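Please read the structure below before turning to the comments.
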Amino acid sequence: FAPRGFALAGVTQLPTADGPRRVLVLKMAAASLRDYRLHTRDGREEYALEADSLELRGDVTLYLTRFSGCIEGLLCVTFSPDGLPAPPVIPPFVFMTRVSAEQALVTSDVIATEGLRLGAS
């Protein structure tokens with residue numbers, strides 16, 4: 001995960017079908033992700049979206065209930081709305097490895113992908 005133009009980190013309430021959910025809010029100009037995997041459930045069915053690469057550009061906002069990874073591959077941390085606060089500024093050269101996130105919502109002006117695969121079980 002390599003964010004660019006990181007502008008803001010905070011916590012907010014996001015409305016969901018099950019009621020409000022507390023989430024971390026990460027805003028940036030762009031982000032690059034490699035070996036992307038998203039798994040979700042709708043009732044009993046599980047759906048998967050996987051991509052070799054995922055590029056988010058424009059007004060990128062990530063709403064997360066949990067976010068963990070290793071900064072520069074060295075310092076591993078976990079952020080949550082109720083735990084360690086997200087840093088207010090991330091230098092433009094920082095990247096994270098072994099990233100795992102519980103996503104509530106992702107918005108972006110542009111989403112480009114390579115090797116996109118969709119699945120259901």
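Following the order of the structure tokens, first chain is A, next is B, and so on, with residues numbered from 1 inside each chain and ligands from 1 in the order they appear.
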Contact check, region 90-110 of chain A to region 12-18 of chain A, at most 12 Å, counting only C-alpha atoms, closest pairs as a Markdown table:
| residue | atom | partner | partner_atom | distance |
| --- | --- | --- | --- | --- |
| A:Gln103 | CA | A:Leu14 | CA | 11.6 |
| A:Ala104 | CA | A:Leu14 | CA | 8.3 |
| A:Leu105 | CA | A:Leu14 | CA | 8.9 |
| A:Val106 | CA | A:Leu14 | CA | 11.8 |
Give me the residues within 12 Å of Glu55 (chain A) as a PyMOL selection string, counting only C-alpha atoms and dropping any in the same chain fewer than 2 places off.
chain A and resi 1-4+29-36+51-53+57-58+60+108-114+116
Neighbours of Glu46 (chain A) within 12 Å (only C-alpha atoms; same-chain residues fewer than 3 positions away dropped), as a PyMOL selection string?
chain A and resi 38-43+49+118-121
Write to file, as a PDB file, in the first residue's frame, the residues of the selection just made, with all heavy atoms.
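Output file result-v8.pdb follows:
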ATOM      1  N   LEU A  38     -10.235  -8.654  -1.678  1.00  0.00           N
ATOM      2  CA  LEU A  38     -11.391  -8.198  -0.920  1.00  0.00           C
ATOM      3  C   LEU A  38     -12.381  -9.354  -0.853  1.00  0.00           C
ATOM      4  O   LEU A  38     -12.760  -9.914  -1.887  1.00  0.00           O
ATOM      5  CB  LEU A  38     -12.047  -6.987  -1.597  1.00  0.00           C
ATOM      6  CG  LEU A  38     -13.369  -6.525  -0.986  1.00  0.00           C
ATOM      7  CD1 LEU A  38     -13.130  -5.920   0.392  1.00  0.00           C
ATOM      8  CD2 LEU A  38     -14.070  -5.538  -1.895  1.00  0.00           C
ATOM      9  N   HIS A  39     -12.801  -9.717   0.350  1.00  0.00           N
ATOM     10  CA  HIS A  39     -13.792 -10.763   0.556  1.00  0.00           C
ATOM     11  C   HIS A  39     -14.917 -10.183   1.390  1.00  0.00           C
ATOM     12  O   HIS A  39     -14.678  -9.475   2.366  1.00  0.00           O
ATOM     13  CB  HIS A  39     -13.168 -11.971   1.271  1.00  0.00           C
ATOM     14  CG  HIS A  39     -12.139 -12.649   0.433  1.00  0.00           C
ATOM     15  ND1 HIS A  39     -12.421 -13.720  -0.366  1.00  0.00           N
ATOM     16  CD2 HIS A  39     -10.831 -12.380   0.242  1.00  0.00           C
ATOM     17  CE1 HIS A  39     -11.326 -14.082  -1.011  1.00  0.00           C
ATOM     18  NE2 HIS A  39     -10.337 -13.284  -0.650  1.00  0.00           N
ATOM     19  N   THR A  40     -16.154 -10.480   0.988  1.00  0.00           N
ATOM     20  CA  THR A  40     -17.315  -9.946   1.695  1.00  0.00           C
ATOM     21  C   THR A  40     -18.433 -10.975   1.656  1.00  0.00           C
ATOM     22  O   THR A  40     -18.406 -11.911   0.844  1.00  0.00           O
ATOM     23  CB  THR A  40     -17.765  -8.609   1.069  1.00  0.00           C
ATOM     24  OG1 THR A  40     -18.764  -8.029   1.901  1.00  0.00           O
ATOM     25  CG2 THR A  40     -18.289  -8.779  -0.339  1.00  0.00           C
ATOM     26  N   ARG A  41     -19.395 -10.818   2.516  1.00  0.00           N
ATOM     27  CA  ARG A  41     -20.555 -11.718   2.581  1.00  0.00           C
ATOM     28  C   ARG A  41     -21.838 -10.928   2.359  1.00  0.00           C
ATOM     29  O   ARG A  41     -21.973  -9.795   2.793  1.00  0.00           O
ATOM     30  CB  ARG A  41     -20.639 -12.384   3.946  1.00  0.00           C
ATOM     31  CG  ARG A  41     -19.626 -13.437   4.164  1.00  0.00           C
ATOM     32  CD  ARG A  41     -20.062 -14.362   5.300  1.00  0.00           C
ATOM     33  NE  ARG A  41     -19.075 -15.395   5.489  1.00  0.00           N
ATOM     34  CZ  ARG A  41     -18.970 -16.487   4.764  1.00  0.00           C
ATOM     35  NH1 ARG A  41     -19.814 -16.701   3.781  1.00  0.00           N
ATOM     36  NH2 ARG A  41     -18.042 -17.382   4.996  1.00  0.00           N
ATOM     37  N   ASP A  42     -22.773 -11.598   1.700  1.00  0.00           N
ATOM     38  CA  ASP A  42     -24.124 -11.094   1.541  1.00  0.00           C
ATOM     39  C   ASP A  42     -25.032 -12.266   1.912  1.00  0.00           C
ATOM     40  O   ASP A  42     -25.316 -13.119   1.079  1.00  0.00           O
ATOM     41  CB  ASP A  42     -24.363 -10.623   0.112  1.00  0.00           C
ATOM     42  CG  ASP A  42     -25.752 -10.046  -0.068  1.00  0.00           C
ATOM     43  OD1 ASP A  42     -26.424  -9.772   0.939  1.00  0.00           O
ATOM     44  OD2 ASP A  42     -26.175  -9.883  -1.232  1.00  0.00           O
ATOM     45  N   GLY A  43     -25.402 -12.319   3.175  1.00  0.00           N
ATOM     46  CA  GLY A  43     -26.125 -13.502   3.649  1.00  0.00           C
ATOM     47  C   GLY A  43     -25.145 -14.657   3.773  1.00  0.00           C
ATOM     48  O   GLY A  43     -24.091 -14.515   4.383  1.00  0.00           O
ATOM     49  N   LEU A  49     -13.202 -10.200  -4.696  1.00  0.00           N
ATOM     50  CA  LEU A  49     -12.661  -9.343  -5.738  1.00  0.00           C
ATOM     51  C   LEU A  49     -11.155  -9.348  -5.515  1.00  0.00           C
ATOM     52  O   LEU A  49     -10.703  -9.024  -4.420  1.00  0.00           O
ATOM     53  CB  LEU A  49     -13.224  -7.927  -5.619  1.00  0.00           C
ATOM     54  CG  LEU A  49     -12.787  -6.959  -6.706  1.00  0.00           C
ATOM     55  CD1 LEU A  49     -13.943  -6.038  -7.068  1.00  0.00           C
ATOM     56  CD2 LEU A  49     -11.605  -6.150  -6.261  1.00  0.00           C
ATOM     57  N   LEU A 118     -13.197 -11.847 -10.260  1.00  0.00           N
ATOM     58  CA  LEU A 118     -14.378 -11.824  -9.395  1.00  0.00           C
ATOM     59  C   LEU A 118     -14.801 -13.258  -9.126  1.00  0.00           C
ATOM     60  O   LEU A 118     -14.694 -14.119  -9.995  1.00  0.00           O
ATOM     61  CB  LEU A 118     -15.529 -11.073 -10.072  1.00  0.00           C
ATOM     62  CG  LEU A 118     -15.249  -9.623 -10.473  1.00  0.00           C
ATOM     63  CD1 LEU A 118     -16.419  -9.084 -11.280  1.00  0.00           C
ATOM     64  CD2 LEU A 118     -14.999  -8.775  -9.255  1.00  0.00           C
ATOM     65  N   GLY A 119     -15.280 -13.510  -7.913  1.00  0.00           N
ATOM     66  CA  GLY A 119     -15.719 -14.861  -7.591  1.00  0.00           C
ATOM     67  C   GLY A 119     -16.842 -14.854  -6.581  1.00  0.00           C
ATOM     68  O   GLY A 119     -17.055 -13.880  -5.868  1.00  0.00           O
ATOM     69  N   ALA A 120     -17.587 -15.961  -6.533  1.00  0.00           N
ATOM     70  CA  ALA A 120     -18.669 -16.140  -5.550  1.00  0.00           C
ATOM     71  C   ALA A 120     -18.667 -17.592  -5.118  1.00  0.00           C
ATOM     72  O   ALA A 120     -18.350 -18.495  -5.893  1.00  0.00           O
ATOM     73  CB  ALA A 120     -20.007 -15.766  -6.177  1.00  0.00           C
ATOM     74  N   SER A 121     -19.015 -17.790  -3.853  1.00  0.00           N
ATOM     75  CA  SER A 121     -19.115 -19.175  -3.368  1.00  0.00           C
ATOM     76  C   SER A 121     -20.284 -19.309  -2.423  1.00  0.00           C
ATOM     77  O   SER A 121     -20.823 -18.388  -1.933  1.00  0.00           O
ATOM     78  CB  SER A 121     -17.825 -19.584  -2.667  1.00  0.00           C
ATOM     79  OG  SER A 121     -17.541 -18.740  -1.577  1.00  0.00           O
TER      80      SER A 121
END
